Number of protein chains: 2
Amino acid sequence: MIISAHNSKVQLVRSLLGRAKDRREAQAFVAEGVRLVEEALAADWPIRFVLYGGELSERGQELIKKLKTKSIDSEEVDERLLQALSATETSQGILTVLDYFSLPVPTDPSFVLIPDSIRDPGNLGTLLRTAAAAGVQAVFLPPETADAFAPKVVRAGMGAHFRLPILSLSWKQIHARTGGLKVYLAEMEEAISCWEADFRSPLALIIGGEAEGATPAARQLASQQIYIPMPGGSESLNAASAGAILMFEIIRQRAFAK
Amino acid sequence: MIISAHNSKVQLVRSLLGRAKDRREAQAFVAEGVRLVEEALAADWPIRFVLYGGELSERGQELIKKLKTKSIDSEEVDERLLQALSATETSQGILTVLDYFSLPVPTDPSFVLIPDSIRDPGNLGTLLRTAAAAGVQAVFLPPETADAFAPKVVRAGMGAHFRLPILSLSWKQIHARTGGLKVYLAEMEEAISCWEADFRSPLALIIGGEAEGATPAARQLASQQIYIPMPGGSESLNAASAGAILMFEIIRQRAFAK
């Protein structure tokens, strides 16, 4: 059992829960909680190691057995140490260090999401979770958006990270990879409504940050601006909510529109 | 200028930022930030008093002038004291104590939202914000849902509190008030899809909490279960995202379906 805060695994976890720079250098990130560790295992994600405390649920103990059967390095940590290490207020009893790794992007994707300047980690994670549910085939993250592997993004993503290709790219690379796609940009005004746009052709959807709106690079990439009509007369929606409405409108049109 | 943490206004704010019980007893709640104070003022919301710090933005200083013109009790507070008082990490320079007050519910509402067991304040606030944008006419909060006037809910609501009738009710009262409405319950399965349901008649929409699903009372109230098809094969959506998709599908059908 690990009891020292100076243990190298404990120190690695602490640094990975912190800055994006440290995650990039280590080429690794942390996922916490029984559910996320289960999902990483089910997805055959490259797992470096697992740490767990002494107060795991029955489901958690089953998971540890399974991890050990698969010879995945799993070590018990002093409960208080795990508690102190956790990114959440109450430790979830288990965490894993995973390789940075990207699922392959399909050759000709027909549904790509580009979260533009999404700085709030909860919003970014929720967008990724919704994208996984909507069957989005790839997420391209421009430099202005939060790190997709920050602890809060991974938590809000609820496993989306293990199902979606998520690529951090420059705008130049995004440009190159969206050549064959119609690029829609969600805007507040001067645009056609999402119910009048035709989303049946292969497309990329840019969801802008709430604070400053779309970046100039996003505007340049976009071929069509769209907006969500708001009968209540509000100024705006939360970025994750706007993204959910648009992604599922795309799905609806593809399932139902002739 | 207020410089003491024992000042009665400061103490009231501190208690209102805490427990729901204290808000109910005082029949008041707190809204922070220039934008929310502006919205409360624009909505003619009953304002008890305003506190502000010395480092307000120009827009904030304009607001203070306007508040004083309207003889609203506005007092400067020591910046560090305001900082310590704030519910957010960085104080927004201004906050107001507002009366508990509910906008009138229209006589025959055709679009009601019932957030069922939504315990996460950020999710509840985001749902309220989306409801305001969608033109929802009333929100009925059952006992299992978080307090709509908690600081995080008010913040995520982005002014929805000043535009939407929000009523905390027992399930019995909700039953009585939804008599003429078709009640839809968002479920994961065994239901018709939201794209096949007909949302044009007057309705109430129940959005359940993520953790435990719908409460028995919500199930009893519902006349039709609906689900959001998820081509990506995920288990679930964030409650606020699911609510956004459904509220705007209702709006779309009412605008476009014949």
# chains A, B, ... in the order shown; residues from 1 in each chain; ligands from 1

call {"tool": "calpha_fit_and_write", "arguments": {"fixed": "chain A", "moving": "chain B", "output": "CSV table (one decimal) with C-alpha atoms, in the first residue's frame"}}
result
chain,number,residue,atom,x,y,z
B,1,MET,CA,0.0,0.0,0.0
B,2,ILE,CA,1.2,3.4,-0.9
B,3,ILE,CA,1.3,5.7,2.2
B,4,SER,CA,3.8,8.4,1.1
B,5,ALA,CA,2.8,11.6,-0.7
B,6,HIS,CA,6.3,11.4,-2.2
B,7,ASN,CA,5.6,8.2,-4.0
B,8,SER,CA,6.3,8.7,-7.7
B,9,LYS,CA,2.8,7.6,-8.9
B,10,VAL,CA,1.2,9.9,-6.4
B,11,GLN,CA,3.3,12.8,-7.6
B,12,LEU,CA,2.6,12.1,-11.2
B,13,VAL,CA,-1.2,12.1,-10.5
B,14,ARG,CA,-0.9,15.4,-8.6
B,15,SER,CA,0.9,17.0,-11.6
B,16,LEU,CA,-1.5,15.6,-14.1
B,17,LEU,CA,-4.5,17.0,-12.2
B,18,GLY,CA,-2.9,20.4,-12.5
B,19,ARG,CA,-1.6,22.2,-15.6
B,20,ALA,CA,-2.2,21.2,-19.2
B,21,LYS,CA,1.6,21.7,-19.8
B,22,ASP,CA,2.4,18.9,-17.4
B,23,ARG,CA,-0.2,16.6,-19.1
B,24,ARG,CA,1.4,17.3,-22.5
B,25,GLU,CA,4.9,16.6,-21.2
B,26,ALA,CA,3.9,13.4,-19.6
B,27,GLN,CA,1.6,12.5,-22.5
B,28,ALA,CA,-0.9,11.3,-19.9
B,29,PHE,CA,-4.1,12.3,-18.1
B,30,VAL,CA,-6.2,11.2,-15.1
B,31,ALA,CA,-9.7,9.8,-15.0
B,32,GLU,CA,-11.5,9.4,-11.6
B,33,GLY,CA,-14.3,7.2,-10.4
B,34,VAL,CA,-15.5,3.6,-10.9
B,35,ARG,CA,-17.5,4.5,-14.0
B,36,LEU,CA,-14.8,6.2,-15.9
B,37,VAL,CA,-12.2,3.5,-15.1
B,38,GLU,CA,-14.7,0.9,-16.3
B,39,GLU,CA,-15.2,2.8,-19.5
B,40,ALA,CA,-11.5,3.1,-20.1
B,41,LEU,CA,-11.1,-0.6,-19.6
B,42,ALA,CA,-14.0,-1.4,-21.9
B,43,ALA,CA,-12.6,0.8,-24.6
B,44,ASP,CA,-9.2,-0.9,-24.3
B,45,TRP,CA,-7.7,2.5,-23.6
B,46,PRO,CA,-3.9,2.3,-22.8
B,47,ILE,CA,-3.9,2.4,-19.0
B,48,ARG,CA,-0.6,3.2,-17.2
B,49,PHE,CA,-1.8,2.4,-13.7
B,50,VAL,CA,-4.7,2.5,-11.3
B,51,LEU,CA,-4.7,3.7,-7.7
B,52,TYR,CA,-7.6,2.9,-5.3
B,53,GLY,CA,-8.5,3.4,-1.7
B,54,GLY,CA,-9.8,1.0,1.0
B,55,GLU,CA,-13.4,2.2,1.0
B,56,LEU,CA,-14.4,1.1,-2.5
B,57,SER,CA,-17.9,0.1,-3.4
B,58,GLU,CA,-18.7,-3.5,-4.3
B,59,ARG,CA,-18.8,-2.5,-8.0
B,60,GLY,CA,-15.3,-0.9,-7.5
B,61,GLN,CA,-13.9,-4.1,-5.9
B,62,GLU,CA,-15.2,-6.1,-8.9
B,63,LEU,CA,-13.4,-3.7,-11.1
B,64,ILE,CA,-10.1,-4.1,-9.2
B,65,LYS,CA,-10.4,-7.9,-9.6
B,66,LYS,CA,-10.9,-7.5,-13.4
B,67,LEU,CA,-8.0,-5.0,-13.7
B,68,LYS,CA,-5.7,-7.5,-11.9
B,69,THR,CA,-6.8,-10.4,-14.1
B,70,LYS,CA,-5.8,-8.2,-17.0
B,71,SER,CA,-2.4,-7.6,-15.3
B,72,ILE,CA,-3.0,-3.8,-15.2
B,73,ASP,CA,-0.8,-2.2,-12.5
B,74,SER,CA,-3.3,-1.5,-9.7
B,75,GLU,CA,-2.1,-0.4,-6.3
B,76,GLU,CA,-3.9,0.5,-3.1
B,77,VAL,CA,-3.3,3.9,-1.6
B,78,ASP,CA,-3.9,5.2,1.9
B,79,GLU,CA,-7.5,6.5,1.9
B,80,ARG,CA,-6.6,9.9,3.3
B,81,LEU,CA,-3.8,10.3,0.7
B,82,LEU,CA,-6.3,9.4,-2.1
B,83,GLN,CA,-8.8,11.9,-0.6
B,84,ALA,CA,-6.2,14.7,-0.6
B,85,LEU,CA,-5.1,13.8,-4.1
B,86,SER,CA,-8.6,13.9,-5.7
B,87,ALA,CA,-9.7,16.7,-8.0
B,88,THR,CA,-13.2,16.4,-6.5
B,89,GLU,CA,-14.4,17.3,-3.0
B,90,THR,CA,-15.1,13.7,-2.2
B,91,SER,CA,-12.6,11.2,-3.6
B,92,GLN,CA,-14.3,8.6,-5.8
B,93,GLY,CA,-12.2,5.8,-4.4
B,94,ILE,CA,-10.3,5.0,-7.6
B,95,LEU,CA,-8.4,6.8,-10.3
B,96,THR,CA,-6.4,5.9,-13.3
B,97,VAL,CA,-3.5,7.4,-15.3
B,98,LEU,CA,-4.1,7.0,-19.0
B,99,ASP,CA,-2.0,7.6,-22.1
B,100,TYR,CA,-2.7,10.6,-24.3
B,101,PHE,CA,-4.1,8.8,-27.3
B,102,SER,CA,-6.6,9.7,-30.0
B,103,LEU,CA,-9.0,7.4,-31.6
B,104,PRO,CA,-8.7,7.3,-35.4
B,105,VAL,CA,-10.8,9.9,-37.4
B,106,PRO,CA,-12.9,8.2,-40.1
B,107,THR,CA,-11.7,8.9,-43.6
B,108,ASP,CA,-14.6,11.0,-44.8
B,109,PRO,CA,-16.3,12.2,-41.7
B,110,SER,CA,-19.8,13.7,-42.1
B,111,PHE,CA,-20.3,15.1,-38.6
B,112,VAL,CA,-17.4,17.1,-37.0
B,113,LEU,CA,-17.6,19.4,-33.9
B,114,ILE,CA,-15.3,22.4,-33.4
B,115,PRO,CA,-15.7,23.9,-29.9
B,116,ASP,CA,-14.3,27.5,-30.4
B,117,SER,CA,-12.9,29.4,-27.4
B,118,ILE,CA,-14.8,27.2,-24.9
B,119,ARG,CA,-12.8,28.0,-21.8
B,120,ASP,CA,-15.2,26.6,-19.1
B,121,PRO,CA,-14.1,23.0,-18.5
B,122,GLY,CA,-17.6,21.9,-17.4
B,123,ASN,CA,-19.1,23.3,-20.7
B,124,LEU,CA,-16.4,21.6,-22.8
B,125,GLY,CA,-16.9,18.3,-21.0
B,126,THR,CA,-20.7,18.5,-21.5
B,127,LEU,CA,-20.3,19.3,-25.2
B,128,LEU,CA,-18.1,16.3,-25.6
B,129,ARG,CA,-20.6,14.1,-23.8
B,130,THR,CA,-23.4,15.4,-26.0
B,131,ALA,CA,-21.2,14.9,-29.1
B,132,ALA,CA,-20.6,11.3,-28.2
B,133,ALA,CA,-24.4,10.7,-27.7
B,134,ALA,CA,-25.1,12.4,-31.1
B,135,GLY,CA,-22.7,10.2,-32.9
B,136,VAL,CA,-20.2,13.0,-33.8
B,137,GLN,CA,-17.3,11.4,-35.6
B,138,ALA,CA,-14.5,13.8,-34.6
B,139,VAL,CA,-13.9,16.8,-32.4
B,140,PHE,CA,-11.2,19.3,-33.5
B,141,LEU,CA,-10.1,21.6,-30.7
B,142,PRO,CA,-8.5,24.9,-31.7
B,143,PRO,CA,-5.8,26.5,-29.5
B,144,GLU,CA,-8.2,28.9,-27.8
B,145,THR,CA,-10.3,26.1,-26.3
B,146,ALA,CA,-9.7,24.5,-22.8
B,147,ASP,CA,-7.6,21.4,-22.6
B,148,ALA,CA,-9.9,18.4,-23.2
B,149,PHE,CA,-7.9,16.3,-20.7
B,150,ALA,CA,-8.2,18.6,-17.7
B,151,PRO,CA,-9.9,16.8,-14.7
B,152,LYS,CA,-13.2,18.7,-14.9
B,153,VAL,CA,-13.5,18.2,-18.6
B,154,VAL,CA,-12.9,14.4,-18.3
B,155,ARG,CA,-15.4,14.2,-15.4
B,156,ALA,CA,-18.2,16.2,-17.3
B,157,GLY,CA,-17.4,14.1,-20.4
B,158,MET,CA,-18.7,11.0,-18.7
B,159,GLY,CA,-16.7,8.7,-20.9
B,160,ALA,CA,-17.0,10.6,-24.1
B,161,HIS,CA,-13.1,10.7,-24.2
B,162,PHE,CA,-13.0,7.0,-24.8
B,163,ARG,CA,-15.6,7.0,-27.6
B,164,LEU,CA,-14.8,10.2,-29.6
B,165,PRO,CA,-11.7,11.1,-31.6
B,166,ILE,CA,-10.6,14.4,-29.9
B,167,LEU,CA,-7.7,16.2,-31.6
B,168,SER,CA,-6.0,19.4,-30.5
B,169,LEU,CA,-5.1,21.2,-33.8
B,170,SER,CA,-4.0,24.6,-35.1
B,171,TRP,CA,-6.5,26.5,-37.2
B,172,LYS,CA,-4.4,25.7,-40.2
B,173,GLN,CA,-4.7,22.0,-39.5
B,174,ILE,CA,-8.5,22.4,-38.9
B,175,HIS,CA,-8.7,24.1,-42.2
B,176,ALA,CA,-7.0,21.3,-44.0
B,177,ARG,CA,-9.1,18.7,-42.3
B,178,THR,CA,-12.5,20.3,-43.1
B,179,GLY,CA,-11.9,20.8,-46.8
B,180,GLY,CA,-14.7,18.6,-47.9
B,181,LEU,CA,-17.2,19.8,-45.3
B,182,LYS,CA,-19.7,22.6,-45.1
B,183,VAL,CA,-18.8,24.5,-42.0
B,184,TYR,CA,-21.6,26.0,-39.9
B,185,LEU,CA,-21.0,28.6,-37.2
B,186,ALA,CA,-23.5,29.2,-34.5
B,187,GLU,CA,-24.1,32.9,-34.1
B,188,MET,CA,-26.5,35.2,-32.4
B,189,GLU,CA,-27.8,37.0,-35.4
B,190,GLU,CA,-27.5,37.9,-39.1
B,191,ALA,CA,-27.9,34.2,-40.0
B,192,ILE,CA,-30.4,31.6,-41.1
B,193,SER,CA,-32.3,29.6,-38.5
B,194,CYS,CA,-31.1,26.1,-37.6
B,195,TRP,CA,-34.5,24.9,-38.6
B,196,GLU,CA,-34.2,26.3,-42.1
B,197,ALA,CA,-30.6,25.2,-42.7
B,198,ASP,CA,-30.1,21.9,-44.5
B,199,PHE,CA,-27.8,19.8,-42.3
B,200,ARG,CA,-27.9,16.6,-44.4
B,201,SER,CA,-24.6,17.0,-46.3
B,202,PRO,CA,-21.3,16.3,-44.5
B,203,LEU,CA,-20.6,19.2,-42.1
B,204,ALA,CA,-18.6,20.6,-39.3
B,205,LEU,CA,-20.3,22.6,-36.6
B,206,ILE,CA,-18.5,25.4,-34.7
B,207,ILE,CA,-19.8,26.3,-31.3
B,208,GLY,CA,-18.4,29.6,-30.1
B,209,GLY,CA,-17.5,30.6,-26.5
B,210,GLU,CA,-20.1,32.6,-24.7
B,211,ALA,CA,-17.9,35.5,-23.5
B,212,GLU,CA,-16.4,36.9,-26.7
B,213,GLY,CA,-18.2,35.0,-29.4
B,214,ALA,CA,-16.5,33.4,-32.4
B,215,THR,CA,-12.8,34.0,-33.0
B,216,PRO,CA,-11.7,35.6,-36.3
B,217,ALA,CA,-10.3,32.2,-37.4
B,218,ALA,CA,-13.6,30.5,-36.8
B,219,ARG,CA,-15.4,33.2,-38.8
B,220,GLN,CA,-13.0,32.7,-41.7
B,221,LEU,CA,-13.5,28.9,-41.7
B,222,ALA,CA,-17.3,29.1,-41.6
B,223,SER,CA,-19.2,28.9,-44.9
B,224,GLN,CA,-22.7,29.4,-43.3
B,225,GLN,CA,-23.8,31.2,-40.1
B,226,ILE,CA,-26.8,29.8,-38.3
B,227,TYR,CA,-28.7,30.8,-35.2
B,228,ILE,CA,-31.2,29.3,-32.8
B,229,PRO,CA,-34.5,31.3,-32.7
B,230,MET,CA,-35.3,32.2,-29.1
B,231,PRO,CA,-39.0,33.1,-28.6
B,232,GLY,CA,-38.3,34.1,-25.0
B,233,GLY,CA,-36.2,37.0,-26.1
B,234,SER,CA,-33.1,36.1,-24.1
B,235,GLU,CA,-29.7,37.2,-25.2
B,236,SER,CA,-28.0,33.9,-25.3
B,237,LEU,CA,-27.9,30.2,-24.3
B,238,ASN,CA,-25.2,28.4,-22.4
B,239,ALA,CA,-22.6,27.1,-25.0
B,240,ALA,CA,-23.2,23.5,-24.1
B,241,SER,CA,-27.0,23.9,-24.4
B,242,ALA,CA,-26.7,25.6,-27.7
B,243,GLY,CA,-24.4,22.8,-28.9
B,244,ALA,CA,-26.9,20.2,-27.7
B,245,ILE,CA,-29.8,21.8,-29.6
B,246,LEU,CA,-27.8,22.1,-32.8
B,247,MET,CA,-26.2,18.6,-32.7
B,248,PHE,CA,-29.6,17.0,-32.2
B,249,GLU,CA,-31.2,19.1,-34.9
B,250,ILE,CA,-28.6,17.8,-37.3
B,251,ILE,CA,-29.4,14.2,-36.1
B,252,ARG,CA,-33.2,14.9,-36.5
B,253,GLN,CA,-32.8,16.2,-40.0
B,254,ARG,CA,-30.7,13.3,-41.1
B,255,ALA,CA,-33.2,10.8,-39.6
B,256,PHE,CA,-36.4,12.5,-40.8
B,257,ALA,CA,-36.0,15.2,-43.5
B,258,LYS,CA,-36.5,13.9,-47.0

call {"tool": "select_by_dssp", "arguments": {"residues": "region 60-228 of chain A", "states": "helix (DSSP H, G or I)", "output": "JSON, numbers by chain"}}
result
{"A": [60, 61, 62, 63, 64, 65, 66, 67, 68, 69, 79, 80, 81, 82, 83, 84, 85, 121, 122, 123, 124, 125, 126, 127, 128, 129, 130, 131, 132, 133, 134, 151, 152, 153, 154, 155, 156, 157, 160, 161, 162, 171, 172, 173, 174, 175, 176, 177, 216, 217, 218, 219, 220, 221]}

call {"tool": "write_last_selection", "arguments": {"atoms": "C-alpha atoms", "output": "PDB file, in the first residue's frame"}}
result
ATOM      1  CA  GLY A  60     -15.332  -0.882  -7.443  1.00  0.00           C
ATOM      2  CA  GLN A  61     -13.929  -4.046  -5.857  1.00  0.00           C
ATOM      3  CA  GLU A  62     -15.198  -6.103  -8.809  1.00  0.00           C
ATOM      4  CA  LEU A  63     -13.411  -3.668 -11.101  1.00  0.00           C
ATOM      5  CA  ILE A  64     -10.121  -4.073  -9.200  1.00  0.00           C
ATOM      6  CA  LYS A  65     -10.378  -7.853  -9.587  1.00  0.00           C
ATOM      7  CA  LYS A  66     -10.921  -7.455 -13.318  1.00  0.00           C
ATOM      8  CA  LEU A  67      -7.969  -5.046 -13.622  1.00  0.00           C
ATOM      9  CA  LYS A  68      -5.687  -7.497 -11.821  1.00  0.00           C
ATOM     10  CA  THR A  69      -6.859 -10.364 -14.043  1.00  0.00           C
ATOM     11  CA  GLU A  79      -7.470   6.489   1.905  1.00  0.00           C
ATOM     12  CA  ARG A  80      -6.569   9.927   3.276  1.00  0.00           C
ATOM     13  CA  LEU A  81      -3.799  10.322   0.728  1.00  0.00           C
ATOM     14  CA  LEU A  82      -6.235   9.453  -2.085  1.00  0.00           C
ATOM     15  CA  GLN A  83      -8.733  11.895  -0.622  1.00  0.00           C
ATOM     16  CA  ALA A  84      -6.163  14.695  -0.620  1.00  0.00           C
ATOM     17  CA  LEU A  85      -5.132  13.836  -4.161  1.00  0.00           C
ATOM     18  CA  PRO A 121     -14.148  22.979 -18.501  1.00  0.00           C
ATOM     19  CA  GLY A 122     -17.650  21.901 -17.429  1.00  0.00           C
ATOM     20  CA  ASN A 123     -19.113  23.277 -20.665  1.00  0.00           C
ATOM     21  CA  LEU A 124     -16.443  21.615 -22.787  1.00  0.00           C
ATOM     22  CA  GLY A 125     -16.945  18.254 -21.055  1.00  0.00           C
ATOM     23  CA  THR A 126     -20.713  18.510 -21.469  1.00  0.00           C
ATOM     24  CA  LEU A 127     -20.285  19.333 -25.172  1.00  0.00           C
ATOM     25  CA  LEU A 128     -18.070  16.250 -25.605  1.00  0.00           C
ATOM     26  CA  ARG A 129     -20.613  14.074 -23.786  1.00  0.00           C
ATOM     27  CA  THR A 130     -23.404  15.372 -26.037  1.00  0.00           C
ATOM     28  CA  ALA A 131     -21.226  14.893 -29.132  1.00  0.00           C
ATOM     29  CA  ALA A 132     -20.619  11.243 -28.191  1.00  0.00           C
ATOM     30  CA  ALA A 133     -24.369  10.745 -27.753  1.00  0.00           C
ATOM     31  CA  ALA A 134     -25.118  12.421 -31.085  1.00  0.00           C
ATOM     32  CA  PRO A 151      -9.883  16.752 -14.752  1.00  0.00           C
ATOM     33  CA  LYS A 152     -13.163  18.707 -14.882  1.00  0.00           C
ATOM     34  CA  VAL A 153     -13.522  18.167 -18.630  1.00  0.00           C
ATOM     35  CA  VAL A 154     -12.899  14.433 -18.280  1.00  0.00           C
ATOM     36  CA  ARG A 155     -15.429  14.232 -15.429  1.00  0.00           C
ATOM     37  CA  ALA A 156     -18.178  16.161 -17.272  1.00  0.00           C
ATOM     38  CA  GLY A 157     -17.429  14.131 -20.420  1.00  0.00           C
ATOM     39  CA  ALA A 160     -16.958  10.624 -24.158  1.00  0.00           C
ATOM     40  CA  HIS A 161     -13.147  10.743 -24.190  1.00  0.00           C
ATOM     41  CA  PHE A 162     -13.049   6.982 -24.761  1.00  0.00           C
ATOM     42  CA  TRP A 171      -6.535  26.493 -37.152  1.00  0.00           C
ATOM     43  CA  LYS A 172      -4.384  25.713 -40.181  1.00  0.00           C
ATOM     44  CA  GLN A 173      -4.713  21.991 -39.500  1.00  0.00           C
ATOM     45  CA  ILE A 174      -8.456  22.371 -38.890  1.00  0.00           C
ATOM     46  CA  HIS A 175      -8.725  24.156 -42.221  1.00  0.00           C
ATOM     47  CA  ALA A 176      -6.954  21.298 -43.984  1.00  0.00           C
ATOM     48  CA  ARG A 177      -9.121  18.669 -42.324  1.00  0.00           C
ATOM     49  CA  PRO A 216     -11.725  35.566 -36.309  1.00  0.00           C
ATOM     50  CA  ALA A 217     -10.253  32.194 -37.387  1.00  0.00           C
ATOM     51  CA  ALA A 218     -13.609  30.498 -36.792  1.00  0.00           C
ATOM     52  CA  ARG A 219     -15.379  33.161 -38.829  1.00  0.00           C
ATOM     53  CA  GLN A 220     -12.952  32.709 -41.650  1.00  0.00           C
ATOM     54  CA  LEU A 221     -13.458  28.947 -41.676  1.00  0.00           C
TER      55      LEU A 221
END
